[in-house]
Each structure stands twice: as structure tokens, then as C-alpha cells.
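**Student:** Have a peek at data13.pdb (PDB, C-alpha atoms and all ligand atoms).
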```pdb
ATOM      1  CA  MET A 155     180.933 -23.323  -6.334
ATOM      2  CA  ASN A 156     179.040 -20.202  -7.300
ATOM      3  CA  TRP A 157     176.514 -20.101 -10.156
ATOM      4  CA  ASP A 158     178.678 -18.093 -12.524
ATOM      5  CA  GLU A 159     181.501 -20.603 -12.240
ATOM      6  CA  LYS A 160     179.176 -23.556 -12.719
ATOM      7  CA  ILE A 161     177.590 -21.940 -15.783
ATOM      8  CA  ALA A 162     180.999 -21.153 -17.322
ATOM      9  CA  ASP A 163     182.228 -24.723 -16.750
ATOM     10  CA  GLY A 164     179.084 -26.279 -18.222
ATOM     11  CA  LEU A 165     179.213 -24.047 -21.299
ATOM     12  CA  ALA A 166     182.888 -24.787 -21.880
ATOM     13  CA  GLU A 167     182.379 -28.534 -21.541
ATOM     14  CA  GLU A 168     179.029 -29.132 -23.214
ATOM     15  CA  GLY A 169     177.653 -25.907 -24.670
ATOM     16  CA  ILE A 170     174.662 -26.188 -22.341
ATOM     17  CA  VAL A 171     174.209 -26.055 -18.586
ATOM     18  CA  VAL A 172     171.281 -26.318 -16.165
ATOM     19  CA  VAL A 173     171.507 -24.839 -12.663
ATOM     20  CA  ASP A 174     168.772 -25.125 -10.072
ATOM     21  CA  GLU A 175     167.808 -22.429  -7.560
ATOM     22  CA  PHE A 176     169.467 -19.666  -9.572
ATOM     23  CA  LEU A 177     166.495 -17.691  -8.226
ATOM     24  CA  SER A 178     165.226 -18.509  -4.745
ATOM     25  CA  MET A 179     161.522 -19.232  -4.220
ATOM     26  CA  PRO A 180     160.973 -15.805  -2.572
ATOM     27  CA  GLU A 181     162.606 -14.151  -5.600
ATOM     28  CA  VAL A 182     160.419 -16.185  -7.967
ATOM     29  CA  ARG A 183     157.265 -15.287  -6.030
ATOM     30  CA  GLU A 184     158.119 -11.587  -6.054
ATOM     31  CA  ILE A 185     158.481 -11.691  -9.833
ATOM     32  CA  LEU A 186     155.243 -13.657 -10.249
ATOM     33  CA  SER A 187     153.356 -11.143  -8.136
ATOM     34  CA  LEU A 188     154.122  -8.307 -10.580
ATOM     35  CA  PRO A 189     151.178  -7.188 -12.774
ATOM     36  CA  LEU A 190     153.201  -8.385 -15.773
ATOM     37  CA  PHE A 191     152.849 -11.997 -14.695
ATOM     38  CA  ARG A 192     149.551 -11.716 -12.809
ATOM     39  CA  GLU A 193     147.735 -10.482 -15.915
ATOM     40  CA  PRO A 194     149.942 -11.445 -18.845
ATOM     41  CA  GLU A 195     147.127 -10.823 -21.337
ATOM     42  CA  ASN A 196     147.179  -7.123 -20.353
ATOM     43  CA  HIS A 197     150.947  -6.652 -20.553
ATOM     44  CA  MET A 198     152.322  -9.098 -23.090
ATOM     45  CA  ARG A 199     151.709  -9.672 -26.775
ATOM     46  CA  PHE A 200     152.007 -12.750 -28.952
ATOM     47  CA  ALA A 201     155.603 -13.262 -29.953
ATOM     48  CA  GLY A 202     156.699 -13.017 -33.555
ATOM     49  CA  ILE A 203     159.123 -15.063 -35.544
ATOM     50  CA  GLY A 204     161.762 -13.395 -37.702
ATOM     51  CA  HIS A 205     163.293 -10.017 -37.165
ATOM     52  CA  GLY A 206     162.455  -6.384 -37.945
ATOM     53  CA  MET A 207     160.265  -6.029 -41.013
ATOM     54  CA  GLU A 208     160.058  -9.803 -41.377
ATOM     55  CA  ARG A 209     158.471 -10.294 -37.976
ATOM     56  CA  GLN A 210     155.193 -12.197 -38.055
ATOM     57  CA  VAL A 211     153.038 -14.061 -35.580
ATOM     58  CA  ASN A 212     152.650 -17.752 -36.452
ATOM     59  CA  GLU A 213     150.958 -19.857 -33.804
ATOM     60  CA  ALA A 214     151.813 -23.051 -35.678
ATOM     61  CA  ILE A 215     155.456 -22.320 -34.805
ATOM     62  CA  ARG A 216     155.264 -20.503 -31.471
ATOM     63  CA  GLY A 217     152.325 -19.528 -29.258
ATOM     64  CA  ASP A 218     153.956 -17.694 -26.369
ATOM     65  CA  MET A 219     153.256 -14.150 -25.196
ATOM     66  CA  ILE A 220     156.168 -11.864 -24.348
ATOM     67  CA  LYS A 221     157.131  -8.482 -23.040
ATOM     68  CA  TRP A 222     160.640  -7.118 -23.562
ATOM     69  CA  LEU A 223     162.096  -5.886 -20.287
ATOM     70  CA  ASP A 224     163.449  -2.353 -20.080
ATOM     71  CA  ARG A 225     166.317  -2.152 -17.593
ATOM     72  CA  ARG A 226     165.643   1.547 -17.006
ATOM     73  CA  THR A 227     162.119   0.964 -15.715
ATOM     74  CA  ALA A 228     162.283  -2.616 -14.430
ATOM     75  CA  PRO A 229     160.580  -3.136 -11.051
ATOM     76  CA  PRO A 230     162.993  -4.204  -8.261
ATOM     77  CA  PRO A 231     162.557  -8.000  -8.480
ATOM     78  CA  VAL A 232     163.203  -7.907 -12.239
ATOM     79  CA  ALA A 233     166.068  -5.416 -11.825
ATOM     80  CA  ALA A 234     167.684  -7.826  -9.354
ATOM     81  CA  TYR A 235     167.549 -10.603 -11.956
ATOM     82  CA  LEU A 236     168.982  -8.305 -14.637
ATOM     83  CA  SER A 237     171.928  -7.396 -12.427
ATOM     84  CA  ARG A 238     172.640 -11.090 -11.835
ATOM     85  CA  ILE A 239     172.749 -11.508 -15.613
ATOM     86  CA  GLU A 240     175.068  -8.500 -15.914
ATOM     87  CA  SER A 241     177.516 -10.076 -13.454
ATOM     88  CA  LEU A 242     177.269 -13.379 -15.320
ATOM     89  CA  ILE A 243     178.290 -11.533 -18.498
ATOM     90  CA  GLN A 244     181.345 -10.064 -16.730
ATOM     91  CA  TYR A 245     182.283 -13.484 -15.418
ATOM     92  CA  LEU A 246     181.923 -15.219 -18.787
ATOM     93  CA  ASN A 247     183.930 -12.516 -20.546
ATOM     94  CA  ARG A 248     186.783 -12.888 -18.068
ATOM     95  CA  ASN A 249     186.766 -16.655 -17.808
ATOM     96  CA  LEU A 250     185.662 -17.928 -21.219
ATOM     97  CA  PHE A 251     187.251 -15.046 -23.141
ATOM     98  CA  LEU A 252     183.942 -14.103 -24.702
ATOM     99  CA  SER A 253     183.249 -10.552 -25.770
ATOM    100  CA  LEU A 254     179.654 -10.236 -24.682
ATOM    101  CA  LYS A 255     178.513  -6.632 -24.792
ATOM    102  CA  ASP A 256     174.845  -6.592 -23.913
ATOM    103  CA  TYR A 257     171.723  -8.654 -23.310
ATOM    104  CA  GLU A 258     168.029  -8.632 -24.136
ATOM    105  CA  ILE A 259     165.445 -10.399 -22.025
ATOM    106  CA  HIS A 260     161.694 -10.821 -22.247
ATOM    107  CA  ALA A 261     159.096 -11.998 -19.784
ATOM    108  CA  THR A 262     157.350 -15.010 -21.298
ATOM    109  CA  ALA A 263     154.023 -16.773 -20.777
ATOM    110  CA  TYR A 264     152.953 -19.844 -22.746
ATOM    111  CA  PRO A 265     149.168 -20.177 -22.400
ATOM    112  CA  PRO A 266     147.999 -23.797 -21.983
ATOM    113  CA  GLY A 267     148.277 -25.723 -25.250
ATOM    114  CA  THR A 268     150.951 -23.490 -26.791
ATOM    115  CA  PHE A 269     154.477 -24.512 -27.752
ATOM    116  CA  TYR A 270     157.543 -23.447 -29.706
ATOM    117  CA  LYS A 271     158.624 -25.812 -32.484
ATOM    118  CA  ARG A 272     162.206 -26.971 -32.933
ATOM    119  CA  HIS A 273     164.542 -24.068 -33.751
ATOM    120  CA  LEU A 274     167.898 -22.369 -33.234
ATOM    121  CA  ASP A 275     167.974 -18.988 -31.483
ATOM    122  CA  GLN A 276     170.165 -17.202 -34.006
ATOM    123  CA  PHE A 277     168.378 -15.279 -36.721
ATOM    124  CA  LYS A 278     169.310 -16.088 -40.311
ATOM    125  CA  ARG A 279     170.846 -12.690 -41.004
ATOM    126  CA  ASP A 280     171.801 -11.703 -37.467
ATOM    127  CA  ASP A 281     174.134 -13.881 -35.450
ATOM    128  CA  HIS A 282     174.681 -11.579 -32.482
ATOM    129  CA  ARG A 283     172.911 -13.885 -30.062
ATOM    130  CA  LYS A 284     175.725 -15.915 -28.532
ATOM    131  CA  LEU A 285     174.139 -17.474 -25.457
ATOM    132  CA  SER A 286     170.510 -18.175 -24.604
ATOM    133  CA  VAL A 287     169.570 -17.830 -20.933
ATOM    134  CA  ILE A 288     166.172 -18.932 -19.628
ATOM    135  CA  CYS A 289     164.999 -18.853 -16.022
ATOM    136  CA  TYR A 290     161.758 -20.662 -15.188
ATOM    137  CA  LEU A 291     159.125 -19.303 -12.832
ATOM    138  CA  ASN A 292     156.742 -22.221 -12.248
ATOM    139  CA  PRO A 293     156.418 -23.257  -8.596
ATOM    140  CA  ASP A 294     155.329 -26.877  -8.097
ATOM    141  CA  TRP A 295     155.438 -27.703 -11.809
ATOM    142  CA  GLN A 296     154.339 -31.307 -12.423
ATOM    143  CA  SER A 297     156.128 -33.232 -15.176
ATOM    144  CA  GLN A 298     152.814 -34.665 -16.415
ATOM    145  CA  TRP A 299     151.803 -31.110 -17.341
ATOM    146  CA  GLY A 300     154.364 -31.191 -20.182
ATOM    147  CA  GLY A 301     156.086 -27.942 -21.135
ATOM    148  CA  GLN A 302     159.554 -29.449 -21.178
ATOM    149  CA  LEU A 303     162.390 -27.728 -22.972
ATOM    150  CA  ARG A 304     163.571 -30.459 -25.373
ATOM    151  CA  ILE A 305     167.236 -30.246 -26.321
ATOM    152  CA  PHE A 306     168.519 -31.953 -29.471
ATOM    153  CA  GLY A 307     172.118 -33.101 -29.558
ATOM    154  CA  ALA A 308     174.107 -36.073 -30.765
ATOM    155  CA  GLY A 309     172.148 -38.769 -28.892
ATOM    156  CA  GLU A 310     168.622 -38.985 -27.537
ATOM    157  CA  PRO A 311     166.877 -35.640 -26.970
ATOM    158  CA  ARG A 312     167.079 -34.376 -23.401
ATOM    159  CA  ASP A 313     163.985 -32.941 -21.689
ATOM    160  CA  ILE A 314     164.275 -30.193 -19.080
ATOM    161  CA  ILE A 315     161.312 -29.475 -16.804
ATOM    162  CA  PRO A 316     160.571 -25.746 -16.349
ATOM    163  CA  ILE A 317     160.624 -25.706 -12.546
ATOM    164  CA  ALA A 318     160.851 -22.434 -10.643
ATOM    165  CA  GLY A 319     164.317 -21.030 -10.080
ATOM    166  CA  ARG A 320     165.981 -23.270 -12.683
ATOM    167  CA  LEU A 321     168.263 -21.542 -15.175
ATOM    168  CA  VAL A 322     169.261 -23.032 -18.527
ATOM    169  CA  CYS A 323     172.061 -21.490 -20.550
ATOM    170  CA  PHE A 324     173.252 -22.711 -23.949
ATOM    171  CA  ARG A 325     175.088 -21.751 -27.137
ATOM    172  CA  SER A 326     172.542 -19.989 -29.333
ATOM    173  CA  ASP A 327     174.340 -20.974 -32.541
ATOM    174  CA  GLN A 328     174.568 -24.696 -31.789
ATOM    175  CA  ILE A 329     171.764 -26.012 -29.646
ATOM    176  CA  GLU A 330     168.507 -26.870 -31.400
ATOM    177  CA  HIS A 331     165.582 -27.011 -29.033
ATOM    178  CA  GLU A 332     161.802 -26.890 -28.733
ATOM    179  CA  VAL A 333     159.180 -26.157 -26.086
ATOM    180  CA  LEU A 334     156.623 -28.932 -25.710
ATOM    181  CA  PRO A 335     152.961 -28.002 -25.152
ATOM    182  CA  ALA A 336     151.811 -27.832 -21.546
ATOM    183  CA  THR A 337     148.424 -28.089 -19.890
ATOM    184  CA  ALA A 338     149.217 -25.205 -17.512
ATOM    185  CA  LEU A 339     150.455 -21.624 -17.937
ATOM    186  CA  ARG A 340     154.255 -21.774 -18.314
ATOM    187  CA  ARG A 341     156.188 -18.670 -17.278
ATOM    188  CA  SER A 342     159.832 -17.689 -17.633
ATOM    189  CA  LEU A 343     162.362 -14.943 -18.211
ATOM    190  CA  THR A 344     163.969 -15.617 -21.580
ATOM    191  CA  GLY A 345     167.023 -13.841 -22.877
ATOM    192  CA  TRP A 346     170.152 -13.693 -24.927
ATOM    193  CA  LEU A 347     173.697 -12.512 -24.315
ATOM    194  CA  LEU A 348     174.894 -10.561 -27.321
ATOM    195  CA  ASP A 349     178.239  -9.614 -28.826
ATOM    196  CA  GLN A 350     176.924  -6.162 -29.744
ATOM    197  CA  LEU A 351     174.541  -3.624 -28.218
ATOM    198  CA  SER A 352     170.907  -4.695 -28.297
ATOM    199  CA  ASP A 353     168.597  -3.138 -30.894
ATOM    200  CA  LEU A 354     166.172  -2.609 -28.003
ATOM    201  CA  ARG A 355     168.370   0.289 -26.876
ATOM    202  CA  LYS A 356     167.235   2.211 -29.960
ATOM    203  CA  LEU A 357     163.567   1.985 -28.986
TER
HETATM  204  C1  LIG B   1     162.830 -19.313 -26.970
HETATM  205  C2  LIG B   1     162.875 -20.670 -26.372
HETATM  206  C3  LIG B   1     162.727 -22.103 -24.453
HETATM  207  C4  LIG B   1     161.993 -22.249 -23.148
HETATM  208  O1  LIG B   1     162.116 -18.456 -26.439
HETATM  209  O2  LIG B   1     163.519 -19.102 -27.995
HETATM  210  O3  LIG B   1     163.345 -21.548 -27.036
HETATM  211  O4  LIG B   1     162.238 -23.251 -22.463
HETATM  212  N1  LIG B   1     162.471 -20.870 -25.096
HETATM  213  O5  LIG B   1     161.170 -21.404 -22.824
HETATM  214 MN    MN B   2     164.698 -20.763 -28.468
END
```
As C-alpha cells, what does this structure read like?
**Tutor:**
Amino acid sequence: MNWDEKIADGLAEEGIVVVDEFLSMPEVREILSLPLFREPENHMRFAGIGHGMERQVNEAIRGDMIKWLDRRTAPPPVAAYLSRIESLIQYLNRNLFLSLKDYEIHATAYPPGTFYKRHLDQFKRDDHRKLSVICYLNPDWQSQWGGQLRIFGAGEPRDIIPIAGRLVCFRSDQIEHEVLPATALRRSLTGWLLDQLSDLRKL
């Protein structure tokens, strides 16, 4: 079974799916060797909460650093990931009858000790984020380091370890989640599949 099919099936059945080795280790290492991830403090900024004019940094809620990726200037290893996401969008539109039109993805680094409290990915006044898609970039991640993605559902919360190459995709309007603090730098590509063109295109 290919990844797109597995992701579509998981979303249809449960609203969330985890696939391992979506990126191979060589692909992960190429991305990690980019200046963006080698010196995150020089390329990323602390993420805000809220949207547009309401955006503010609040480290009691989230402490990660991000950089929005620009598909026009993305270096090859990032461009390769973006084209995988573009084919996933085509597949989901055809097979789940979604009308996804665009995506927006940022590079993410959680410095040790930072976290992201429980939340939903849709903004209060903007519900164009339909699916959240996160790919982790942490080779040899140890579970005792923390940093799990905690998913809240009907039963017990489910914890997902951010190991390299693993992709998590879930319904942005339904799945509440949080990022637990870690003792090591936690890196990922974090994005959303949208039902309209991304505001980033206006930048
Ligand atoms: C987010 C988020 C989860 C993760 O950026 O909105 O919830 O595992 N990320 O990084
Ligand atoms: Mn989130």
C-alpha cells in the first residue's frame, strides 16, 4: 500500500493517521543539514498564537520557533517534501472527495523545555485549515526525552513519539492535541491542507 492510500484510509476511519518512514533517513538528514535547521536561531522566529493583527507570542502556550516555507525558493530537499504533499492533496481530493486547494507549511524547532499546550488547529474566525500534517525530523529520538504529540479523543490520550520520518495527519477541526516538553531540540515540518488559497501567497 502506498502512503497516500494509507493516509486516506486512516483519515476516513479515524480522523487521524500515523505513517512511519514517510521520509527516508537520507531525506531527513538532507533537510537537517540545511542552514534553517542547523542554526534555527538565525532563521526562525518564535511562533505566535492567533492570526493577523491578533498574533502574539505567548511562551506559556507555545514555545516553538518557526519559519514559513516558500515553495518558490525552497531548497531541493524541502521542495521534494512539498511535492509529496502536493500529490497527497491530489490523492485526498480524488479519493475522499475533499476540495483541498492549497497548503502552508513551516519548519519548526522546539528548544529544550518548550511545549505547545492543548489546542485545536483551526483559528476561531478562520476554518480553512482542514487537515494538519506534521513530519518529524529527529533521528534516534529517545522516548524518555519527552516531546510526544499527545492526542485527545474519546478514551485515554494517545502519545506519539516524534521520530524521524514519521508523518502524522489529522482533522484540524476535530482533533485536540498538545506537544509535551522535551529535554532535547525537537524538529519537524508542520503544515495544513487548506480549502482555499493560503494567505502566505499574498506575502
Ligand atoms: C502545531 C502542533 C504538533 C507537533 O504546530 O499546531 O500542534 O507534534 N504541532 O509538533
Ligand atoms: Mn497543533
**Student:** Just the number, please: distance in Å from CA of Phe269 in chain A to atom O2 of ligand LIG 1 (chain B), one decimal.
**Tutor:**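 These two atoms are separated by 10.5 Å.
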**Student:** Mind dumping a table of every chain A residue within 7 Å of ligand LIG 1 (chain B), with the nearest atom pair and its distance in Å to one decimal, using only C-alpha atoms and all ligand atoms, sorted by chain and rising number, as CSV?
**Tutor:**
```
residue,atom,partner,partner_atom,distance
A:Tyr270,CA,B:LIG1,O3,6.7
A:Asp275,CA,B:LIG1,O2,5.7
A:Ile288,CA,B:LIG1,C4,6.4
A:Gln302,CA,B:LIG1,O4,6.9
A:Leu303,CA,B:LIG1,O4,4.5
A:Pro316,CA,B:LIG1,O4,6.8
A:His331,CA,B:LIG1,O3,6.2
A:Glu332,CA,B:LIG1,O3,5.8
A:Val333,CA,B:LIG1,O4,5.6
A:Ser342,CA,B:LIG1,O5,6.5
A:Thr344,CA,B:LIG1,O1,5.9
```
**Student:** Select the residues contacting ligand MN 2 (chain B) at a distance of at most 12 Å, based on all atoms listed in the file, then format the selection as JSON, numbers by chain.
**Tutor:** {"A": [201, 203, 215, 216, 218, 262, 269, 270, 271, 272, 273, 274, 275, 276, 277, 283, 285, 286, 287, 288, 303, 304, 305, 306, 322, 323, 324, 325, 326, 327, 328, 329, 330, 331, 332, 333, 334, 344, 345, 346]}
**Student:** For Ile315 in chain A, list every protein, DNA or RNA residue within 10 Å, evaluated using all atoms listed in the file, and leave out those in the same chain fewer than 4 positions away; present the list as an MDAnalysis selection string.
**Tutor:** chainID A and resid 290 292 295:304 320
**Student:** Please return, as a PyMOL selection string, all polymer residues that have at least one atom within 12 Å of the point (153.3, -9.9, -13.4); use all atoms listed in the file and the file's own coordinate frame.
**Tutor:** chain A and resi 182-198+220-221+223+228-229+231-232+261-263+291+341-343
**Student:** Of the candidates A:Gly307, A:Gly217, A:Gly202, A:Pro293, which shows the shortest atom-to-atom distance to Ile170 in chain A, using all atoms listed in the file?
**Tutor:**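 Nearest to Ile170 in chain A: A:Gly307.
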**Student:** What is the distance between CA of Ser352 in chain A and CA of Val172 in chain A, in Å to one decimal?
**Tutor:**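 CA of Ser352 in chain A sits 24.8 Å away from CA of Val172 in chain A.
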**Student:** Starting from the displayed file, determine the output of the PyMOL selection byres (((chain A and resi 160-166) around 9) and not hetatm) and express the residue list as a short mmCIF file (atom, residue, chain, number, x, y, z; two decimals) with C-alpha atoms, keeping the file's coordinate frame.
**Tutor:**
```cif
data_model
loop_
_atom_site.label_atom_id
_atom_site.label_comp_id
_atom_site.auth_asym_id
_atom_site.auth_seq_id
_atom_site.Cartn_x
_atom_site.Cartn_y
_atom_site.Cartn_z
CA MET A 155 180.93 -23.32 -6.33
CA ASN A 156 179.04 -20.20 -7.30
CA TRP A 157 176.51 -20.10 -10.16
CA ASP A 158 178.68 -18.09 -12.52
CA GLU A 159 181.50 -20.60 -12.24
CA GLU A 167 182.38 -28.53 -21.54
CA GLU A 168 179.03 -29.13 -23.21
CA GLY A 169 177.65 -25.91 -24.67
CA ILE A 170 174.66 -26.19 -22.34
CA VAL A 171 174.21 -26.06 -18.59
CA VAL A 172 171.28 -26.32 -16.16
CA VAL A 173 171.51 -24.84 -12.66
CA LEU A 242 177.27 -13.38 -15.32
CA TYR A 245 182.28 -13.48 -15.42
CA LEU A 246 181.92 -15.22 -18.79
CA ASN A 249 186.77 -16.66 -17.81
CA LEU A 250 185.66 -17.93 -21.22
CA VAL A 322 169.26 -23.03 -18.53
CA CYS A 323 172.06 -21.49 -20.55
CA PHE A 324 173.25 -22.71 -23.95
CA ARG A 325 175.09 -21.75 -27.14
#
```
**Student:** Rank nothing, just name the residue among A:Cys289, A:Ala338, A:Ile239, A:Leu252 nearest to Ile314 in chain A, using all atoms listed in the file.
**Tutor:**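 Using all atoms listed in the file, Ile314 in chain A sits closest to A:Cys289.
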**Student:** By how many Å are CA of Tyr264 in chain A and CA of Thr227 in chain A apart?
**Tutor:**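 We find that CA of Tyr264 in chain A and CA of Thr227 in chain A lie 23.8 Å from each other.
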**Student:** On this structure, which residues satisfy the PyMOL selection byres (((chain A and resi 224) around 9) and not hetatm), written as number ranges by chain?
**Tutor:** A: 222-223, 225-228, 258-260, 354-355
**Student:** If you count only C-alpha atoms, which residues fall within 9 Å of Ile243 in chain A, apart from same-chain ones fewer than 4 positions away, as an MDAnalysis selection string?
**Tutor:** chainID A and resid 158 238:239 247:248 252:257 347
**Student:** Using all atoms listed in the file, find the one residue out of A:Asp174, A:Gly206, A:Leu348, A:Phe200 that sits nearest to His282 in chain A.
**Tutor:** A:Leu348
**Student:** Please put the answer as AutoDock Vina command-line options: centre and edge lengths, in Å with one decimal, of a box along x, y and z that encloses all listed atoms of range 172-179 of chain A plus 5 Å on each side.
**Tutor:**
```
--center_x 166.5 --center_y -22.0 --center_z -10.2 --size_x 20.0 --size_y 18.6 --size_z 21.9
```
**Student:** Looking at all atoms listed in the file, which of A:Ala336, A:Leu351, A:Leu177, A:Leu321 is the one that sits closest to Tyr235 in chain A?
**Tutor:** A:Leu177
**Student:** Which residue gives the smallest distance to Gly267 in chain A among A:Gly319, A:Arg340, A:Ala308, A:Arg209, with all atoms listed in the file counted?
**Tutor:**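 Using all atoms listed in the file, the shortest distance to Gly267 in chain A belongs to A:Arg340.
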